[in-house]
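Structure record follows, encoded as structure tokens.
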There are 4 protein chains.
Amino acid sequence: MSAEIGVAMLGYAFMGKAHSRAFREAAALQPPLVPQLVSISGRNAERVEAARSELGWAEATTDWRDQVGDDRVGLFDNGGPNDLHAEPTIGAVRNGKHVLCEKPLGRTAEEAHAIWRAAEEARVVHMCGFNYRFVPAVRLAREILEAGDLGELYHFRARYLQSWGVGAPPSWRFVRESAGSGALGDLGAHIVDLARYLVGEPAEVGAVVKTFVEGHEVDDSFAATVEFANGVAGTLEASRLATGRINQNTFEVNGSRGSLAFDVERLNELQVADGKWYRRVLVTEPEHPFMHFWWPPGHIVGWGDTFTHEVHHLLSAIAGEHGVAPHGATFEDGYRCAEVCDAILRSAETGRRETVDYREVEV
Amino acid sequence: MSAEIGVAMLGYAFMGKAHSRAFREAAALQPPLVPQLVSISGRNAERVEAARSELGWAEATTDWRDQVGDDRVGLFDNGGPNDLHAEPTIGAVRNGKHVLCEKPLGRTAEEAHAIWRAAEEARVVHMCGFNYRFVPAVRLAREILEAGDLGELYHFRARYLQSWGVGAPPSWRFVRESAGSGALGDLGAHIVDLARYLVGEPAEVGAVVKTFVEGHEVDDSFAATVEFANGVAGTLEASRLATGRINQNTFEVNGSRGSLAFDVERLNELQVADGKWYRRVLVTEPEHPFMHFWWPPGHIVGWGDTFTHEVHHLLSAIAGEHGVAPHGATFEDGYRCAEVCDAILRSAETGRRETVDYREVEV
Amino acid sequence: MSAEIGVAMLGYAFMGKAHSRAFREAAALQPPLVPQLVSISGRNAERVEAARSELGWAEATTDWRDQVGDDRVGLFDNGGPNDLHAEPTIGAVRNGKHVLCEKPLGRTAEEAHAIWRAAEEARVVHMCGFNYRFVPAVRLAREILEAGDLGELYHFRARYLQSWGVGAPPSWRFVRESAGSGALGDLGAHIVDLARYLVGEPAEVGAVVKTFVEGHEVDDSFAATVEFANGVAGTLEASRLATGRINQNTFEVNGSRGSLAFDVERLNELQVADGKWYRRVLVTEPEHPFMHFWWPPGHIVGWGDTFTHEVHHLLSAIAGEHGVAPHGATFEDGYRCAEVCDAILRSAETGRRETVDYREVEV
Amino acid sequence: MSAEIGVAMLGYAFMGKAHSRAFREAAALQPPLVPQLVSISGRNAERVEAARSELGWAEATTDWRDQVGDDRVGLFDNGGPNDLHAEPTIGAVRNGKHVLCEKPLGRTAEEAHAIWRAAEEARVVHMCGFNYRFVPAVRLAREILEAGDLGELYHFRARYLQSWGVGAPPSWRFVRESAGSGALGDLGAHIVDLARYLVGEPAEVGAVVKTFVEGHEVDDSFAATVEFANGVAGTLEASRLATGRINQNTFEVNGSRGSLAFDVERLNELQVADGKWYRRVLVTEPEHPFMHFWWPPGHIVGWGDTFTHEVHHLLSAIAGEHGVAPHGATFEDGYRCAEVCDAILRSAETGRRETVDYREVEV
């Protein structure tokens, strides 16, 4: 009989739905701790009750404080809006709860650092929701890079292009106070995290940040050059105005002996060059990451399944199976990503390449 | 409070896993009948018990007769091997159970017809597991065809290519008695069903069936020309020896005003030509089939989710929402597919184009 | 100083233009015999004179008999309509001219055989214009196959799809007497030749031939199964009604150790699987076929350049450099292709798989 | 009878070969002035004589001064190394010759400006060899942009990636004095020109320039953000170390109503989004740019043919048909491109976004 862990969730929209499904699915994949869906919270009583019923939670509440103080709860999952990341998450860790918090961890590096510090001080397991680390093709890319198969690394380029911002109706997403930033925090944070996961720490960035659409307070797009501490150089871009692109989250790494390329729209494919030519690898073989959970070769997983992998990984980490979530991302990763985003904004303002300074946490 | 329906399942391997997950997932998508997983059966007591625990069923049994006679059961799901399709399924319908049976419905058209007839006589809801009808892109293709957007139809060509048969160890899959046929029943049945679903009834086929590998008793591949009752002409092919192809299940329809093309390896894409040029449509928009269940645009579904759609559809049919599963496929579809497969085998033997004769069921 | 050879050409339309450019270009590639463009012929005096001037020929004539009897002429190039292939070509070889004749060699296998026989009896160098043998990627495919790199061969499938036939105005191309056949002779002949060039001799075919458009006397499309003498099995298809396809001439070969795939629309790419995955090879490396004529890697050649390769090869053959055009195709290839096309038509009529019988020439 | 123009060429390597072929080919396309290949020059007497014979020039010389003073010469074509662009070209224009000069026009903006000024003062027709403007798909992109079909423009991103620099033997191309710059001048100049041709004038750039390989004096790669005077923002990148990429010269433009994407490796394709989805347009239709010179739809042109288009355009400009080569690129374009490249180098050194200042020529 597996041990259980009570879960409480803040948020019931896009991420609430994705996380709820992931807990349900992960429970069926023999995790070392079986999640019990204790409660879900949100500001609107009627809608949180509807979500409770739809998404399969035992109780609903309009106050996350009920959750972080609930003795039945071992894991607090924060999928709420960005301005509700810090206080509830810090509240949870101070009550000894393990925590999963959606990205961006904080609205600024300062805020993200505070959240990370609180989690470290509480000595709980913490994870920031960079779900693309749990795409089988991305994990395979990481394994290939860790093995050194690409030789000396030269370039990393990534872009995250969507188009829904063209002609979009007014929304909190375009307002500075509620959203913090636009394409940068929403899309850019993902590719900054992938850059760090795959290549290493960004050391300097030079950026242009643009707001094209009248009435938008936050950025519609950014473009940046990036230099990593290990000498790799490249570009990062994101936009909500890239007509023709729906969800093109793509990266390429070039090394002296090989290269890798990936696009989220073709989630199960990794382009692998081990020499002159790219091969299209369908990442569904039994030996590929996460595929022991699933189907015979050629039967693809979906975007939603990356959260299942993520939650399963977190449950294993809480159970002590692999330290503090080595593929995290941890809150430290969430914080470091925020430092890069802040440096991008600084560079756009100063017109200079900006150094990314990372602070530590002392516990 | 939704009504419930008890489900019993035969089989715990590939299809057992896929169907179990689909019932679990469909239960979370507000079906009109919520499935209760009553029991799972299989020949090996130890393995069926392990499967019960893993896949989330309440009870396990080694005798499907316990299931078809169980009053708590309203739906019998047969995901067992092909030689266990007829007897348990007929047993279930005679006990008034609604039924889902994996493809191929029977090992021959004769056997498939008997299963269909029994289900009709019992006046239960019946569905044959052609899950590719529940791929959003395939359903969108069907909608485009039903709307007549392609004009007069000229061609249909489909192929289903895999490569695992090269150098494969001995297996029941290559033995005639246990497997019936090879690539034809395993892969060919899927594209025959898609041909029927999208274009209409095959009227004549001319085929070559090949066994290349020494020791294999069943076909490794087939190739066929096909003429439909409505005049469309084309080809059908399947192989387990197509090195370089993992799960390439692809079709193309050409009409006077447009064309469509699809490949299962890129499950969320439909190539649509409405005139001279093909566009790549990512079938993840809110208005696309099944996408109201899922995520914002650009976040793809997986192969496993097609079963969730299928099971949800079946539960709705049982609840009386849309007659007898209009997108079925029904057992009639399972039977008609078998007639086409039989005609392919006949043609390979006689060296003649063979007419496909479809029989009715009189109830 | 290189030796020269006088060339006379029949025809000034599409093929006249392509061949004229090829002679001009081949002359710049250090051929062992430098072509001198002596004369061009055609039925319409005004248009042939205009073509002479545009395409760079010294003289124009309305009577091909002037050309085949011209002592200055060493090579007769027949790019005229199909019903003008036999008589002028046979006239030329009987006057000791080397010959290049466009495909299809004859309107029937019977006619093609007579042309081949005449050329053999005259002991001249003869070539049939299957220019796709001179695509670098196709030649590379042949080299890979000759080296046995794909292991035992299982499948060959090819299709040649165009769409201009939908809504096309009336034309001699749709009239039986002038055109002989439709998609079969026009497009199908190319893929039959590629099948023979890459895999071997077709032994049996089973076919469906269709005329969809009212008023067309010849076939708009065909679909066939094919079995080769060496056991390989597959399909052949061609259509002029494949909306969305402009010039998709594509083939795939599957073997036990690897596979190859190609499409004329991406003329410089060969998909090569040497094991599980396909690589995209850009066939522009210095060691790739024909690329010593051209540019550094990554700078592609065009469709027109395949004729330059073809003509250069023919000139070398006439100069005695590699026997009778080993990559031909020779008139024997033109004849054998015609036998396969005839068998396809027979099979469509009889409803049976038809054996392809090849006759020899006895000299 | 068409008028003629005598041509003299400096250089006999890669560009010498490409240009020679282009003059030969353009002569067959009814230009208003028919080029006569008067003389070719180069430093090595033996090699220039061999090139003369191979490439079809009447005379060879080791001194370009013989050419710029030759009364038979109306057009001087400079395809020599970068450090031989200024003096011979200026010499030619001062002798009243029309001029074609390969890119980069000068090794610095200063040098390029001097060349441009000299040509303006001499009132000759001048063209800088940005041959990608003469790719049919690129010209079609320009037409679509000029028509305003994409609405308000937001983004331009381009990259030019090759891989031959990994493990390359020592060469003058890696030495500062002979090469000036590396990937920037060689590859970057092309995409800067395309940026200007398609979108408008770059106003600011922020760049990183890298030399990875020991022993190289010039840049192996660069990455830059770019802001255009019209507000468009994006990135530019080039590398000689992008393993897996052979000649990937690709761009994308995003606007409020549509987008365009292109890659030189698929020279005949333009991806066109006029709304949500990209269509793949094969740019070989009769109404597409330059295709009146060539073949029926679906029969692609090669990279070498872009020079034929370029030379034909230049001959027409000299004949007075469309002013001073409106699609140029003119020497002004060559100069302005050099200013952008210089700004990229400056930014890499200063760590600041640099403004691009364009100077005029006063005549």
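Starting from 1 in every chain, residues are counted up; chains themselves are A, B, ... following the order of the structure tokens, and ligands are numbered from 1 as listed.
Counting only C-alpha atoms, every residue of chain C that comes within 8 Å of chain A is listed here: Trp277, Tyr278, Arg279, Arg280 and Val281 of chain C.
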Quiz prompt | Residue set, range 55-304 of chain A restricted to helix (DSSP H, G or I), as a PyMOL selection string | solution = chain A and resi 55+64-68+82-84+86-94+109-122+131-134+136-146+172-174+176-179+183-198+264-266+291-293
Output of the above residues as a PDB file, in the first residue's frame, restricted to C-alpha atoms:
```pdb
ATOM      1  CA  LEU A  55     -11.677  18.906 -11.542  1.00  0.00           C
ATOM      2  CA  TRP A  64      -5.933  30.020   0.537  1.00  0.00           C
ATOM      3  CA  ARG A  65      -5.107  30.581   4.211  1.00  0.00           C
ATOM      4  CA  ASP A  66      -7.457  27.700   4.978  1.00  0.00           C
ATOM      5  CA  GLN A  67      -5.264  25.535   2.844  1.00  0.00           C
ATOM      6  CA  VAL A  68      -1.800  26.472   4.021  1.00  0.00           C
ATOM      7  CA  ASN A  82       1.331  36.054 -10.750  1.00  0.00           C
ATOM      8  CA  ASP A  83       0.444  38.552  -8.051  1.00  0.00           C
ATOM      9  CA  LEU A  84      -0.721  35.669  -5.854  1.00  0.00           C
ATOM     10  CA  ALA A  86       4.505  35.162  -3.241  1.00  0.00           C
ATOM     11  CA  GLU A  87       2.272  35.448  -0.209  1.00  0.00           C
ATOM     12  CA  PRO A  88       0.442  32.102  -0.357  1.00  0.00           C
ATOM     13  CA  THR A  89       3.578  30.192  -1.327  1.00  0.00           C
ATOM     14  CA  ILE A  90       5.593  31.711   1.475  1.00  0.00           C
ATOM     15  CA  GLY A  91       2.685  31.048   3.810  1.00  0.00           C
ATOM     16  CA  ALA A  92       2.658  27.406   2.766  1.00  0.00           C
ATOM     17  CA  VAL A  93       6.353  26.768   3.233  1.00  0.00           C
ATOM     18  CA  ARG A  94       6.282  28.445   6.636  1.00  0.00           C
ATOM     19  CA  ALA A 109      13.823  38.707  -9.298  1.00  0.00           C
ATOM     20  CA  GLU A 110      13.535  40.321  -5.900  1.00  0.00           C
ATOM     21  CA  GLU A 111      10.189  38.709  -5.244  1.00  0.00           C
ATOM     22  CA  ALA A 112      11.322  35.364  -6.650  1.00  0.00           C
ATOM     23  CA  HIS A 113      14.368  35.416  -4.411  1.00  0.00           C
ATOM     24  CA  ALA A 114      12.203  35.978  -1.357  1.00  0.00           C
ATOM     25  CA  ILE A 115      10.053  32.987  -2.226  1.00  0.00           C
ATOM     26  CA  TRP A 116      13.074  30.793  -2.827  1.00  0.00           C
ATOM     27  CA  ARG A 117      14.674  31.908   0.442  1.00  0.00           C
ATOM     28  CA  ALA A 118      11.552  31.125   2.396  1.00  0.00           C
ATOM     29  CA  ALA A 119      11.390  27.626   0.913  1.00  0.00           C
ATOM     30  CA  GLU A 120      15.041  26.974   1.680  1.00  0.00           C
ATOM     31  CA  GLU A 121      14.647  28.175   5.228  1.00  0.00           C
ATOM     32  CA  ALA A 122      11.671  25.893   5.664  1.00  0.00           C
ATOM     33  CA  ASN A 131       6.783  21.906 -17.548  1.00  0.00           C
ATOM     34  CA  TYR A 132       8.805  21.889 -20.773  1.00  0.00           C
ATOM     35  CA  ARG A 133      11.623  20.216 -18.840  1.00  0.00           C
ATOM     36  CA  PHE A 134       9.274  17.242 -18.744  1.00  0.00           C
ATOM     37  CA  PRO A 136      10.403  13.608 -23.459  1.00  0.00           C
ATOM     38  CA  ALA A 137      12.225  15.253 -26.374  1.00  0.00           C
ATOM     39  CA  VAL A 138      13.550  18.039 -24.157  1.00  0.00           C
ATOM     40  CA  ARG A 139      14.732  15.566 -21.552  1.00  0.00           C
ATOM     41  CA  LEU A 140      16.430  13.542 -24.288  1.00  0.00           C
ATOM     42  CA  ALA A 141      18.127  16.734 -25.456  1.00  0.00           C
ATOM     43  CA  ARG A 142      19.391  17.287 -21.932  1.00  0.00           C
ATOM     44  CA  GLU A 143      20.740  13.733 -21.755  1.00  0.00           C
ATOM     45  CA  ILE A 144      22.556  14.142 -25.055  1.00  0.00           C
ATOM     46  CA  LEU A 145      24.065  17.406 -23.849  1.00  0.00           C
ATOM     47  CA  GLU A 146      25.069  15.974 -20.481  1.00  0.00           C
ATOM     48  CA  TRP A 172      -5.595  41.929 -17.583  1.00  0.00           C
ATOM     49  CA  ARG A 173      -2.772  40.302 -19.528  1.00  0.00           C
ATOM     50  CA  PHE A 174      -1.983  43.641 -21.170  1.00  0.00           C
ATOM     51  CA  ARG A 176       1.167  46.232 -16.105  1.00  0.00           C
ATOM     52  CA  GLU A 177      -0.108  45.968 -12.582  1.00  0.00           C
ATOM     53  CA  SER A 178      -1.828  42.658 -12.990  1.00  0.00           C
ATOM     54  CA  ALA A 179       0.493  41.026 -15.520  1.00  0.00           C
ATOM     55  CA  ALA A 183       5.494  38.166 -23.779  1.00  0.00           C
ATOM     56  CA  LEU A 184       8.616  38.253 -21.625  1.00  0.00           C
ATOM     57  CA  GLY A 185       7.208  36.742 -18.431  1.00  0.00           C
ATOM     58  CA  ASP A 186       4.602  34.637 -20.177  1.00  0.00           C
ATOM     59  CA  LEU A 187       6.622  33.101 -23.016  1.00  0.00           C
ATOM     60  CA  GLY A 188      10.150  34.341 -22.517  1.00  0.00           C
ATOM     61  CA  ALA A 189      10.429  32.776 -19.064  1.00  0.00           C
ATOM     62  CA  HIS A 190       9.982  29.340 -20.645  1.00  0.00           C
ATOM     63  CA  ILE A 191      12.810  29.730 -23.119  1.00  0.00           C
ATOM     64  CA  VAL A 192      15.089  31.332 -20.548  1.00  0.00           C
ATOM     65  CA  ASP A 193      14.542  28.282 -18.378  1.00  0.00           C
ATOM     66  CA  LEU A 194      15.225  25.939 -21.300  1.00  0.00           C
ATOM     67  CA  ALA A 195      18.391  27.869 -22.061  1.00  0.00           C
ATOM     68  CA  ARG A 196      19.556  27.381 -18.475  1.00  0.00           C
ATOM     69  CA  TYR A 197      18.449  23.736 -18.390  1.00  0.00           C
ATOM     70  CA  LEU A 198      20.215  22.820 -21.592  1.00  0.00           C
ATOM     71  CA  VAL A 264       6.756  22.371 -29.017  1.00  0.00           C
ATOM     72  CA  GLU A 265       4.220  22.165 -31.853  1.00  0.00           C
ATOM     73  CA  ARG A 266       5.904  18.865 -32.773  1.00  0.00           C
ATOM     74  CA  MET A 291       8.106   6.550 -22.235  1.00  0.00           C
ATOM     75  CA  HIS A 292       8.023   3.663 -19.768  1.00  0.00           C
ATOM     76  CA  PHE A 293       4.795   5.304 -18.598  1.00  0.00           C
TER      77      PHE A 293
END
```
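By chain and then residue number, the residues within 6 Å of Asp219 in chain D are D:Gly182, D:Lys210, D:Thr211, counting only C-alpha atoms and disregarding those fewer than 6 positions away in sequence.
Separating CA of Ala329 in chain B from CA of Val135 in chain B is a distance of 13.1 Å.
Going from CA of Glu269 in chain D to CA of Leu267 in chain A covers 24.8 Å.
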Practice problem: Quick one: everything within 8 Å of range 27-41 of chain B, counting only C-alpha atoms, minus sequence neighbours fewer than 3 positions away in the same chain. Send it as a ChimeraX atom specification. | Solution: /A:54-56 /B:2-12,23-24,48,52,56-64,67,72-73,293,312,315-316,319
Please, could you write that set of residues out with N, CA and C atoms as a JSON list (two decimals), in the first residue's frame?
```json
[["chain", "number", "residue", "atom", "x", "y", "z"],
["A", 54, "GLU", "N", -15.81, 19.82, -11.14],
["A", 54, "GLU", "CA", -15.30, 19.40, -12.46],
["A", 54, "GLU", "C", -13.93, 18.74, -12.37],
["A", 55, "LEU", "N", -13.07, 19.33, -11.54],
["A", 55, "LEU", "CA", -11.68, 18.91, -11.54],
["A", 55, "LEU", "C", -11.38, 17.83, -10.49],
["A", 56, "GLY", "N", -12.39, 17.53, -9.66],
["A", 56, "GLY", "CA", -12.23, 16.37, -8.80],
["A", 56, "GLY", "C", -11.59, 16.63, -7.44],
["B", 2, "SER", "N", -24.59, 13.04, -11.65],
["B", 2, "SER", "CA", -24.65, 12.23, -12.86],
["B", 2, "SER", "C", -24.99, 10.79, -12.53],
["B", 3, "ALA", "N", -25.67, 10.14, -13.47],
["B", 3, "ALA", "CA", -25.89, 8.71, -13.35],
["B", 3, "ALA", "C", -24.57, 7.98, -13.57],
["B", 4, "GLU", "N", -24.54, 6.73, -13.12],
["B", 4, "GLU", "CA", -23.32, 5.94, -13.26],
["B", 4, "GLU", "C", -23.58, 4.72, -14.12],
["B", 5, "ILE", "N", -22.51, 4.14, -14.62],
["B", 5, "ILE", "CA", -22.62, 2.88, -15.34],
["B", 5, "ILE", "C", -21.43, 2.01, -14.97],
["B", 6, "GLY", "N", -21.71, 0.77, -14.62],
["B", 6, "GLY", "CA", -20.63, -0.15, -14.27],
["B", 6, "GLY", "C", -19.97, -0.69, -15.52],
["B", 7, "VAL", "N", -18.65, -0.78, -15.47],
["B", 7, "VAL", "CA", -17.90, -1.24, -16.62],
["B", 7, "VAL", "C", -17.08, -2.47, -16.25],
["B", 8, "ALA", "N", -17.07, -3.44, -17.16],
["B", 8, "ALA", "CA", -16.19, -4.59, -17.00],
["B", 8, "ALA", "C", -15.30, -4.68, -18.22],
["B", 9, "MET", "N", -14.05, -5.02, -18.00],
["B", 9, "MET", "CA", -13.09, -5.02, -19.10],
["B", 9, "MET", "C", -12.41, -6.38, -19.22],
["B", 10, "LEU", "N", -12.28, -6.86, -20.44],
["B", 10, "LEU", "CA", -11.51, -8.07, -20.72],
["B", 10, "LEU", "C", -10.19, -7.63, -21.37],
["B", 11, "GLY", "N", -9.07, -8.04, -20.77],
["B", 11, "GLY", "CA", -7.76, -7.70, -21.35],
["B", 11, "GLY", "C", -7.04, -6.67, -20.52],
["B", 12, "TYR", "N", -5.72, -6.82, -20.41],
["B", 12, "TYR", "CA", -4.96, -5.90, -19.54],
["B", 12, "TYR", "C", -3.62, -5.52, -20.15],
["B", 23, "PHE", "N", -11.24, 5.56, -19.55],
["B", 23, "PHE", "CA", -12.40, 5.62, -18.66],
["B", 23, "PHE", "C", -12.15, 6.61, -17.53],
["B", 24, "ARG", "N", -10.95, 6.56, -16.97],
["B", 24, "ARG", "CA", -10.57, 7.46, -15.89],
["B", 24, "ARG", "C", -10.66, 8.92, -16.35],
["B", 48, "VAL", "N", -3.47, -10.50, -13.89],
["B", 48, "VAL", "CA", -4.71, -9.71, -13.92],
["B", 48, "VAL", "C", -4.88, -8.96, -12.60],
["B", 52, "ARG", "N", -5.21, -5.05, -12.28],
["B", 52, "ARG", "CA", -6.33, -4.46, -11.53],
["B", 52, "ARG", "C", -5.83, -3.31, -10.66],
["B", 56, "GLY", "N", -6.55, 0.44, -11.83],
["B", 56, "GLY", "CA", -7.60, 1.08, -11.07],
["B", 56, "GLY", "C", -8.97, 0.42, -11.13],
["B", 57, "TRP", "N", -9.03, -0.90, -11.26],
["B", 57, "TRP", "CA", -10.31, -1.62, -11.26],
["B", 57, "TRP", "C", -10.60, -2.17, -9.88],
["B", 58, "ALA", "N", -11.88, -2.30, -9.58],
["B", 58, "ALA", "CA", -12.26, -2.75, -8.23],
["B", 58, "ALA", "C", -11.96, -4.23, -8.02],
["B", 59, "GLU", "N", -12.29, -5.05, -9.02],
["B", 59, "GLU", "CA", -12.12, -6.50, -8.87],
["B", 59, "GLU", "C", -11.38, -7.07, -10.07],
["B", 60, "ALA", "N", -10.81, -8.28, -9.84],
["B", 60, "ALA", "CA", -10.17, -8.99, -10.93],
["B", 60, "ALA", "C", -10.74, -10.40, -11.00],
["B", 61, "THR", "N", -10.80, -10.94, -12.22],
["B", 61, "THR", "CA", -11.28, -12.31, -12.38],
["B", 61, "THR", "C", -10.57, -12.95, -13.56],
["B", 62, "THR", "N", -10.49, -14.28, -13.53],
["B", 62, "THR", "CA", -9.90, -14.97, -14.68],
["B", 62, "THR", "C", -10.98, -15.50, -15.62],
["B", 63, "ASP", "N", -12.23, -15.21, -15.33],
["B", 63, "ASP", "CA", -13.32, -15.73, -16.18],
["B", 63, "ASP", "C", -14.26, -14.61, -16.60],
["B", 64, "TRP", "N", -14.22, -14.31, -17.90],
["B", 64, "TRP", "CA", -15.06, -13.22, -18.39],
["B", 64, "TRP", "C", -16.55, -13.52, -18.19],
["B", 67, "GLN", "N", -18.13, -11.67, -15.62],
["B", 67, "GLN", "CA", -18.39, -10.27, -15.94],
["B", 67, "GLN", "C", -19.68, -10.10, -16.73],
["B", 72, "ARG", "N", -24.07, -5.65, -11.87],
["B", 72, "ARG", "CA", -23.55, -4.28, -11.68],
["B", 72, "ARG", "C", -23.00, -3.70, -12.97],
["B", 73, "VAL", "N", -22.81, -4.57, -13.96],
["B", 73, "VAL", "CA", -22.13, -4.15, -15.19],
["B", 73, "VAL", "C", -23.14, -3.73, -16.26],
["B", 293, "PHE", "N", -12.61, 20.05, -24.73],
["B", 293, "PHE", "CA", -12.15, 19.29, -23.57],
["B", 293, "PHE", "C", -10.79, 19.77, -23.05],
["B", 312, "HIS", "N", -15.84, 8.73, -24.16],
["B", 312, "HIS", "CA", -16.82, 9.77, -23.85],
["B", 312, "HIS", "C", -17.98, 9.71, -24.84],
["B", 315, "LEU", "N", -20.19, 6.70, -24.02],
["B", 315, "LEU", "CA", -21.03, 6.94, -22.84],
["B", 315, "LEU", "C", -22.21, 7.84, -23.19],
["B", 316, "SER", "N", -21.98, 8.82, -24.05],
["B", 316, "SER", "CA", -23.07, 9.69, -24.49],
["B", 316, "SER", "C", -24.09, 8.90, -25.30],
["B", 319, "ALA", "N", -26.21, 6.94, -23.11],
["B", 319, "ALA", "CA", -27.16, 7.82, -22.43],
["B", 319, "ALA", "C", -28.21, 8.35, -23.39]]
```
Quiz prompt | Which of range 59-295 of chain C fall in strand (DSSP E), as a PyMOL selection string | solution = chain C and resi 59-61+75-78+98-101+126-128+153-161+202-210+221-228+233-239+248-255+259-263+269-273+278-282
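Excluding Ala238 in chain B itself and any same-chain residue fewer than 5 positions from it, the protein and nucleic acid residues within 6 Å of it, counting only C-alpha atoms, are B:Arg159, B:Tyr160, B:Leu161, B:Gly188, B:Ser221, B:Phe222.
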Next, dump the selected residues to file, keeping only N, CA, C and O atoms, as a PDB file, in the first residue's frame.
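Listing of again_23.pdb after writing:
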```pdb
ATOM      1  N   ARG B 159      -1.638   4.783 -46.235  1.00  0.00           N
ATOM      2  CA  ARG B 159      -0.686   3.720 -45.897  1.00  0.00           C
ATOM      3  C   ARG B 159      -0.408   3.772 -44.415  1.00  0.00           C
ATOM      4  O   ARG B 159      -0.435   4.833 -43.797  1.00  0.00           O
ATOM      5  N   TYR B 160      -0.119   2.585 -43.911  1.00  0.00           N
ATOM      6  CA  TYR B 160       0.202   2.457 -42.492  1.00  0.00           C
ATOM      7  C   TYR B 160       1.495   1.656 -42.421  1.00  0.00           C
ATOM      8  O   TYR B 160       1.508   0.453 -42.640  1.00  0.00           O
ATOM      9  N   LEU B 161       2.578   2.370 -42.130  1.00  0.00           N
ATOM     10  CA  LEU B 161       3.905   1.763 -42.206  1.00  0.00           C
ATOM     11  C   LEU B 161       4.572   1.747 -40.837  1.00  0.00           C
ATOM     12  O   LEU B 161       4.712   2.789 -40.196  1.00  0.00           O
ATOM     13  N   GLY B 188      -3.807  -2.613 -41.489  1.00  0.00           N
ATOM     14  CA  GLY B 188      -4.699  -2.382 -42.626  1.00  0.00           C
ATOM     15  C   GLY B 188      -6.123  -2.083 -42.194  1.00  0.00           C
ATOM     16  O   GLY B 188      -6.797  -1.237 -42.787  1.00  0.00           O
ATOM     17  N   SER B 221       3.108  -7.557 -45.151  1.00  0.00           N
ATOM     18  CA  SER B 221       2.683  -6.326 -45.829  1.00  0.00           C
ATOM     19  C   SER B 221       1.610  -6.647 -46.856  1.00  0.00           C
ATOM     20  O   SER B 221       1.452  -7.798 -47.268  1.00  0.00           O
ATOM     21  N   PHE B 222       0.875  -5.615 -47.232  1.00  0.00           N
ATOM     22  CA  PHE B 222       0.004  -5.741 -48.404  1.00  0.00           C
ATOM     23  C   PHE B 222      -0.013  -4.419 -49.139  1.00  0.00           C
ATOM     24  O   PHE B 222       0.323  -3.361 -48.576  1.00  0.00           O
TER      25      PHE B 222
END
```
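The gap separating CA of Pro297 in chain B from CA of Leu270 in chain B is 14.3 Å, in Å to one decimal.
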Self-check item: Polymer residues at most 12 Å from Thr243 in chain A, only C-alpha atoms, same-chain spacing of 6 or more positions, as an MDAnalysis selection string
Solution: (chainID A and resid 161:167) or (chainID D and resid 150:155 252:261 272:278)
